[in-house]
Amino acid sequence: MTQLSSDSELAAPVDMESRLSEDAHLSQRLWLRMVSCTVKLETEIRSRLRLEFGITLPRFDLMAHLESHPEGLRMGELSRRMMVTGGNVTGIANQLAKENLIERIVDVNDRRSFSLKLTPEGLASFKKMARAHEQWIEELLQGLQMEEKQEVLSLLSKAKGG
């Protein structure tokens with residue numbers, strides 16, 4: 001994977017489709033189009049989260065998982081849901097705990113195990129970020145009509161297998 005040397009390169013990711021010849025298989029072209037769209041959207045969201053809230057996308061993602069599970073989630077479950085290693089979750093959790101955005105809750109049945117949950121401050125902070133995130137997604141996808149969004153969603157669900 002190539003290292004990016006500046007933020008300007010982050011703002012304009014290389015279009016992965018440009019490497020294909022005209023006779024490339026349609027499935028390959030579709031896959032690369034989906035990847036290109038994902039990279040473009042994710043890069044913009046990462047930038048906005050950093051500029052507006054001083055937070056990374058992985059930290060936002062961890063908080064989103066905890067927001068939808070107010071009772072808390074174990075580290076292993078967060079790792080599975082976020083599709084990252086336990087070490088990654090630990091690093092993110094340590095940062096969020098230092099900022100009093102999450103807390104560790106010790107399992108009464110197993111003192112070696114604990115769950116993470118949002119603090120009241122973390123929940124308020126996340127809700128503010130989530131509102132902005134939702135607006136950004138709407139803005140970034142405003143070029144598609146509602147029916148088109150529904151069609152793309154349906155087609156991607158079919159490709160996913162459910």
# chains A, B, ... in the order shown; residues from 1 in each chain; ligands from 1
call {"tool": "residues_around", "arguments": {"residues": "Ala132 (chain A)", "least_positions_apart": "2", "cutoff": "12 Å", "atoms": "only C-alpha atoms", "output": "list in words"}}
result
Ile45, Arg48, Leu49, Glu52, Phe53, Phe60, Ser125, Phe126, Lys127, Lys128, Met129, Ala130, Glu134, Gln135, Trp136, Ile137, Glu138 and Glu139 of chain A
call {"tool": "write_last_selection", "arguments": {"atoms": "C-alpha atoms", "output": "tab-separated table (two decimals), in the first residue's frame"}}
result
chain	number	residue	atom	x	y	z
A	45	ILE	CA	-16.10	11.92	6.71
A	48	ARG	CA	-14.83	16.46	8.73
A	49	LEU	CA	-14.77	14.52	12.00
A	52	GLU	CA	-15.16	19.69	13.39
A	53	PHE	CA	-14.77	17.51	16.48
A	60	PHE	CA	-16.47	7.76	16.40
A	125	SER	CA	-20.73	14.40	22.71
A	126	PHE	CA	-21.59	11.45	20.48
A	127	LYS	CA	-25.14	12.67	19.83
A	128	LYS	CA	-23.76	16.01	18.64
A	129	MET	CA	-21.30	14.26	16.32
A	130	ALA	CA	-23.94	11.81	15.08
A	134	GLU	CA	-26.01	12.29	9.39
A	135	GLN	CA	-26.14	15.75	7.76
A	136	TRP	CA	-22.81	15.16	6.05
A	137	ILE	CA	-23.96	11.85	4.60
A	138	GLU	CA	-27.14	13.51	3.31
A	139	GLU	CA	-25.05	16.26	1.74
call {"tool": "select_by_dssp", "arguments": {"residues": "region 8-153 of chain A", "states": "helix (DSSP H, G or I)", "output": "NGL selection string"}}
result
:A and (8-11 or 16-19 or 26-53 or 57-67 or 75-82 or 86-98 or 120-140 or 146-153)
call {"tool": "select_by_dssp", "arguments": {"residues": "region 4-162 of chain A", "states": "strand (DSSP E)", "output": "count of residues only"}}
result
17
call {"tool": "closest_residue", "arguments": {"among": "A:Leu155, A:Leu118, A:Leu144, A:Leu32", "to": "Ser68 (chain A)", "atoms": "only C-alpha atoms"}}
result
A:Leu118
call {"tool": "closest_residue", "arguments": {"among": "A:Arg104, A:Arg46, A:Lys160, A:Lys117", "to": "Leu62 (chain A)", "atoms": "only C-alpha atoms"}}
result
A:Lys117
call {"tool": "closest_residue", "arguments": {"among": "A:Asn100, A:Gln150, A:Thr43, A:Thr38", "to": "Ala124 (chain A)", "atoms": "only C-alpha atoms"}}
result
A:Asn100
call {"tool": "atom_distance", "arguments": {"atom1": "CA of Val108 (chain A)", "atom2": "CA of Asn88 (chain A)"}}
result
25.0 Å
call {"tool": "closest_residue", "arguments": {"among": "A:Pro70, A:Gly161, A:Gly87, A:Gly143", "to": "Pro120 (chain A)", "atoms": "only C-alpha atoms"}}
result
A:Pro70
call {"tool": "decode", "arguments": {"residues": "region 98-118 of chain A", "atoms": "N, CA and C atoms", "output": "PDB file, in the first residue's frame"}}
result
ATOM      1  N   LYS A  98      -9.529   8.451  28.801  1.00  0.00           N
ATOM      2  CA  LYS A  98      -8.772   9.607  29.292  1.00  0.00           C
ATOM      3  C   LYS A  98      -9.574  10.900  29.157  1.00  0.00           C
ATOM      4  N   GLU A  99     -10.413  10.950  28.138  1.00  0.00           N
ATOM      5  CA  GLU A  99     -11.232  12.137  27.886  1.00  0.00           C
ATOM      6  C   GLU A  99     -12.586  12.061  28.580  1.00  0.00           C
ATOM      7  N   ASN A 100     -12.783  11.024  29.405  1.00  0.00           N
ATOM      8  CA  ASN A 100     -14.025  10.811  30.147  1.00  0.00           C
ATOM      9  C   ASN A 100     -15.241  10.651  29.218  1.00  0.00           C
ATOM     10  N   LEU A 101     -15.018  10.063  28.050  1.00  0.00           N
ATOM     11  CA  LEU A 101     -16.116   9.821  27.113  1.00  0.00           C
ATOM     12  C   LEU A 101     -16.679   8.406  27.259  1.00  0.00           C
ATOM     13  N   ILE A 102     -15.859   7.486  27.774  1.00  0.00           N
ATOM     14  CA  ILE A 102     -16.323   6.126  28.064  1.00  0.00           C
ATOM     15  C   ILE A 102     -15.821   5.725  29.441  1.00  0.00           C
ATOM     16  N   GLU A 103     -16.442   4.676  29.979  1.00  0.00           N
ATOM     17  CA  GLU A 103     -15.990   4.129  31.263  1.00  0.00           C
ATOM     18  C   GLU A 103     -15.935   2.617  31.161  1.00  0.00           C
ATOM     19  N   ARG A 104     -15.082   2.044  31.980  1.00  0.00           N
ATOM     20  CA  ARG A 104     -14.945   0.589  32.066  1.00  0.00           C
ATOM     21  C   ARG A 104     -15.800   0.102  33.227  1.00  0.00           C
ATOM     22  N   ILE A 105     -16.605  -0.917  32.957  1.00  0.00           N
ATOM     23  CA  ILE A 105     -17.469  -1.509  33.972  1.00  0.00           C
ATOM     24  C   ILE A 105     -16.978  -2.942  34.212  1.00  0.00           C
ATOM     25  N   VAL A 106     -16.541  -3.233  35.441  1.00  0.00           N
ATOM     26  CA  VAL A 106     -16.034  -4.559  35.781  1.00  0.00           C
ATOM     27  C   VAL A 106     -17.202  -5.538  35.862  1.00  0.00           C
ATOM     28  N   ASP A 107     -17.011  -6.730  35.286  1.00  0.00           N
ATOM     29  CA  ASP A 107     -18.013  -7.797  35.321  1.00  0.00           C
ATOM     30  C   ASP A 107     -18.041  -8.382  36.736  1.00  0.00           C
ATOM     31  N   VAL A 108     -19.213  -8.354  37.368  1.00  0.00           N
ATOM     32  CA  VAL A 108     -19.328  -8.852  38.744  1.00  0.00           C
ATOM     33  C   VAL A 108     -19.056 -10.345  38.844  1.00  0.00           C
ATOM     34  N   ASN A 109     -19.266 -11.080  37.746  1.00  0.00           N
ATOM     35  CA  ASN A 109     -19.034 -12.528  37.750  1.00  0.00           C
ATOM     36  C   ASN A 109     -17.594 -12.897  37.421  1.00  0.00           C
ATOM     37  N   ASP A 110     -16.862 -11.981  36.796  1.00  0.00           N
ATOM     38  CA  ASP A 110     -15.475 -12.253  36.412  1.00  0.00           C
ATOM     39  C   ASP A 110     -14.698 -10.947  36.528  1.00  0.00           C
ATOM     40  N   ARG A 111     -14.035 -10.742  37.630  1.00  0.00           N
ATOM     41  CA  ARG A 111     -13.351  -9.480  37.923  1.00  0.00           C
ATOM     42  C   ARG A 111     -12.253  -9.148  36.912  1.00  0.00           C
ATOM     43  N   ARG A 112     -11.821 -10.131  36.107  1.00  0.00           N
ATOM     44  CA  ARG A 112     -10.797  -9.873  35.089  1.00  0.00           C
ATOM     45  C   ARG A 112     -11.408  -9.311  33.815  1.00  0.00           C
ATOM     46  N   SER A 113     -12.695  -9.380  33.692  1.00  0.00           N
ATOM     47  CA  SER A 113     -13.387  -8.968  32.481  1.00  0.00           C
ATOM     48  C   SER A 113     -14.163  -7.679  32.723  1.00  0.00           C
ATOM     49  N   PHE A 114     -14.288  -6.867  31.679  1.00  0.00           N
ATOM     50  CA  PHE A 114     -15.062  -5.641  31.820  1.00  0.00           C
ATOM     51  C   PHE A 114     -15.703  -5.268  30.488  1.00  0.00           C
ATOM     52  N   SER A 115     -16.665  -4.383  30.602  1.00  0.00           N
ATOM     53  CA  SER A 115     -17.355  -3.832  29.440  1.00  0.00           C
ATOM     54  C   SER A 115     -17.060  -2.346  29.368  1.00  0.00           C
ATOM     55  N   LEU A 116     -17.300  -1.797  28.212  1.00  0.00           N
ATOM     56  CA  LEU A 116     -17.174  -0.358  28.023  1.00  0.00           C
ATOM     57  C   LEU A 116     -18.553   0.223  27.786  1.00  0.00           C
ATOM     58  N   LYS A 117     -18.781   1.411  28.317  1.00  0.00           N
ATOM     59  CA  LYS A 117     -20.026   2.115  28.030  1.00  0.00           C
ATOM     60  C   LYS A 117     -19.742   3.608  27.997  1.00  0.00           C
ATOM     61  N   LEU A 118     -20.594   4.336  27.301  1.00  0.00           N
ATOM     62  CA  LEU A 118     -20.449   5.783  27.227  1.00  0.00           C
ATOM     63  C   LEU A 118     -20.757   6.416  28.577  1.00  0.00           C
TER      64      LEU A 118
END
